[in-house]
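**Q** Here's a structure for you.
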Amino acid sequence: MRHNKQSVRPLLKQRQILDDVADPAGIEVINAGLGPAVVTRTLVYLDGEHIGQWTRSTFDEHVLRQTPEGVQNYSLPGDVVLLSGQSIFLLRLSPFDRDQHGSFGDLVLRRLRFEIHYGSLYGGEDFVSVSPPI
């Protein structure tokens, strides 16, 4: 049974993409594991302060006014399932220009952090994906 659980374990990885060549720019979550990831909760920090879960209202209340026009977000409340190999952008800007969108780059690289708690379809785990340090 343990082998079966390990063989379908999800693995959520986060990465910040801010490259004039890459399009779009933003914060991406990838399920690099072999099984689906069931998100149980998200914790979002802005400038080190916990601002809530990653929902539309958290984005609207705390992040939207600090982003350029055209930024898109994907909410990640509990019970969202990310399939193996699936990737989503939690925050996305396209097109991205480093000179024009410097404050967005600072937000993505230094100010905004995500802690995503998730498990497998078996349930009972509390795996955690944390934004990489910069």
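Ordered as shown in the structure tokens, chains take letters A, B, and onward, while each chain numbers its residues from 1 and ligands are numbered from 1 in the order shown.
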Could you list, as a VMD selection string, every residue within 10 Å of Pro132 in chain A, counting only C-alpha atoms and ignoring same-chain residues fewer than 5 positions away?

**A** chain A and resid 13 to 16 109 113 to 114

**Q** Excluding Leu83 in chain A and its own-chain neighbours fewer than 2 positions away, which residues fall within 8 Å of it when counting only C-alpha atoms? Please give them as a ChimeraX atom specification.

**A** /A:31,35-37,81,85-86

**Q** Which residues come within 12 Å of Leu11 in chain A, counting only C-alpha atoms, excluding same-chain residues fewer than 5 positions away, as a CSV table (one decimal) with N, CA, C and O atoms, in the first residue's frame?

**A**
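The result, stored in result-v7.csv:
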```
chain,number,residue,atom,x,y,z
A,6,GLN,N,3.2,6.1,-2.8
A,6,GLN,CA,4.4,6.8,-3.3
A,6,GLN,C,4.4,6.9,-4.8
A,6,GLN,O,5.0,7.9,-5.4
A,29,VAL,N,2.6,27.5,-10.8
A,29,VAL,CA,2.6,26.3,-10.0
A,29,VAL,C,2.5,25.1,-10.9
A,29,VAL,O,1.6,25.1,-11.8
A,30,ILE,N,3.4,24.1,-10.7
A,30,ILE,CA,3.4,23.0,-11.6
A,30,ILE,C,3.3,21.7,-10.7
A,30,ILE,O,4.0,21.6,-9.7
A,31,ASN,N,2.5,20.8,-11.1
A,31,ASN,CA,2.4,19.5,-10.5
A,31,ASN,C,3.4,18.6,-11.2
A,31,ASN,O,3.1,18.0,-12.2
A,32,ALA,N,4.6,18.4,-10.6
A,32,ALA,CA,5.6,17.6,-11.2
A,32,ALA,C,5.6,16.2,-10.7
A,32,ALA,O,6.5,15.4,-11.1
A,33,GLY,N,4.6,15.9,-9.9
A,33,GLY,CA,4.5,14.5,-9.4
A,33,GLY,C,3.7,13.6,-10.4
A,33,GLY,O,3.3,14.0,-11.4
A,34,LEU,N,3.5,12.4,-9.9
A,34,LEU,CA,2.9,11.3,-10.8
A,34,LEU,C,1.4,11.2,-10.5
A,34,LEU,O,0.7,10.6,-11.3
A,35,GLY,N,0.9,11.9,-9.5
A,35,GLY,CA,-0.5,11.8,-9.2
A,35,GLY,C,-1.1,13.2,-9.0
A,35,GLY,O,-0.4,14.2,-8.9
A,36,PRO,N,-2.5,13.3,-9.0
A,36,PRO,CA,-3.2,14.5,-8.8
A,36,PRO,C,-2.9,15.1,-7.4
A,36,PRO,O,-2.7,14.4,-6.5
A,37,ALA,N,-2.8,16.4,-7.4
A,37,ALA,CA,-2.6,17.2,-6.1
A,37,ALA,C,-3.9,17.8,-5.7
A,37,ALA,O,-4.5,18.5,-6.5
A,38,VAL,N,-4.4,17.5,-4.5
A,38,VAL,CA,-5.6,18.1,-4.0
A,38,VAL,C,-5.2,19.2,-3.0
A,38,VAL,O,-4.7,18.9,-2.0
A,39,VAL,N,-5.5,20.4,-3.4
A,39,VAL,CA,-5.1,21.6,-2.6
A,39,VAL,C,-6.1,21.6,-1.4
A,39,VAL,O,-7.3,21.6,-1.6
A,82,LEU,N,-5.0,19.7,-9.0
A,82,LEU,CA,-4.1,19.9,-10.1
A,82,LEU,C,-3.6,18.5,-10.6
A,82,LEU,O,-3.1,17.7,-9.9
A,83,LEU,N,-3.9,18.2,-11.9
A,83,LEU,CA,-3.6,16.9,-12.4
A,83,LEU,C,-2.1,16.8,-12.6
A,83,LEU,O,-1.4,17.8,-12.7
A,84,SER,N,-1.6,15.6,-12.7
A,84,SER,CA,-0.1,15.4,-12.9
A,84,SER,C,0.3,16.1,-14.2
A,84,SER,O,-0.4,15.9,-15.3
A,85,GLY,N,1.3,16.9,-14.2
A,85,GLY,CA,1.8,17.6,-15.4
A,85,GLY,C,1.1,18.9,-15.6
A,85,GLY,O,1.5,19.7,-16.4
A,86,GLN,N,0.0,19.2,-14.9
A,86,GLN,CA,-0.7,20.5,-15.1
A,86,GLN,C,0.1,21.6,-14.4
A,86,GLN,O,0.7,21.5,-13.4
A,87,SER,N,0.0,22.8,-15.1
A,87,SER,CA,0.6,24.0,-14.5
A,87,SER,C,-0.4,25.1,-14.6
A,87,SER,O,-1.2,25.2,-15.6
A,116,ILE,N,1.4,26.5,-0.2
A,116,ILE,CA,0.3,25.7,-0.7
A,116,ILE,C,0.3,24.4,0.0
A,116,ILE,O,1.3,23.6,-0.1
A,117,HIS,N,-0.8,24.0,0.7
A,117,HIS,CA,-0.9,22.8,1.4
A,117,HIS,C,-1.7,21.9,0.5
A,117,HIS,O,-2.8,22.3,-0.1
A,118,TYR,N,-1.3,20.6,0.3
A,118,TYR,CA,-2.0,19.7,-0.6
A,118,TYR,C,-1.8,18.3,-0.2
A,118,TYR,O,-0.9,17.9,0.7
A,119,GLY,N,-2.5,17.4,-0.8
A,119,GLY,CA,-2.4,16.0,-0.5
A,119,GLY,C,-2.7,15.2,-1.8
A,119,GLY,O,-2.9,15.8,-2.9
A,120,SER,N,-2.7,13.9,-1.7
A,120,SER,CA,-3.0,13.0,-2.8
A,120,SER,C,-4.5,12.6,-2.8
A,120,SER,O,-5.2,13.0,-1.8
A,126,ASP,N,-0.2,16.1,4.4
A,126,ASP,CA,-0.1,17.6,4.4
A,126,ASP,C,1.2,18.0,3.8
A,126,ASP,O,2.1,18.4,4.5
A,127,PHE,N,1.3,17.8,2.5
A,127,PHE,CA,2.5,18.2,1.8
A,127,PHE,C,2.4,19.7,1.6
A,127,PHE,O,1.3,20.3,1.6
A,128,VAL,N,3.6,20.4,1.5
A,128,VAL,CA,3.6,21.9,1.5
A,128,VAL,C,4.5,22.3,0.4
A,128,VAL,O,5.7,21.8,0.3
A,129,SER,N,4.1,23.2,-0.4
A,129,SER,CA,4.9,23.9,-1.4
A,129,SER,C,5.1,25.3,-1.0
A,129,SER,O,4.1,26.0,-0.8
A,130,VAL,N,6.3,25.8,-0.9
A,130,VAL,CA,6.6,27.1,-0.5
A,130,VAL,C,7.3,27.9,-1.6
A,130,VAL,O,8.2,27.3,-2.3
```

**Q** Just the residues within 8 Å of range 89-99 of chain A, please, counting only C-alpha atoms, with nothing from its chain fewer than 6 positions along; format it as JSON, numbers by chain.

**A** {"A": [18, 19, 20, 23, 24, 25, 26, 27, 28, 29, 70, 71, 72, 73, 74, 75, 76, 105]}

**Q** Select from chain A everything DSSP, run on the backbone, classes as alpha helix (DSSP H), then give the selection as a ChimeraX atom specification.

**A** /A:2-7,56-58,102-106

**Q** Could you pull out the strand (DSSP E) residues of chain A from DSSP and send them as a PyMOL selection string?

**A** chain A and resi 12-17+25-31+37-46+49-52+72-73+81-82+87-93+112-119+127-130

**Q** To one decimal in Å, tell me the separation between CA of Thr55 in chain A and CA of Pro77 in chain A.

**A**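 Rounded to one decimal, the two atoms are 6.1 Å apart.
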
**Q** What does the structure give for the distance between CA of Gly48 in chain A and CA of Leu107 in chain A, in Å to one decimal?

**A** 11.9 Å
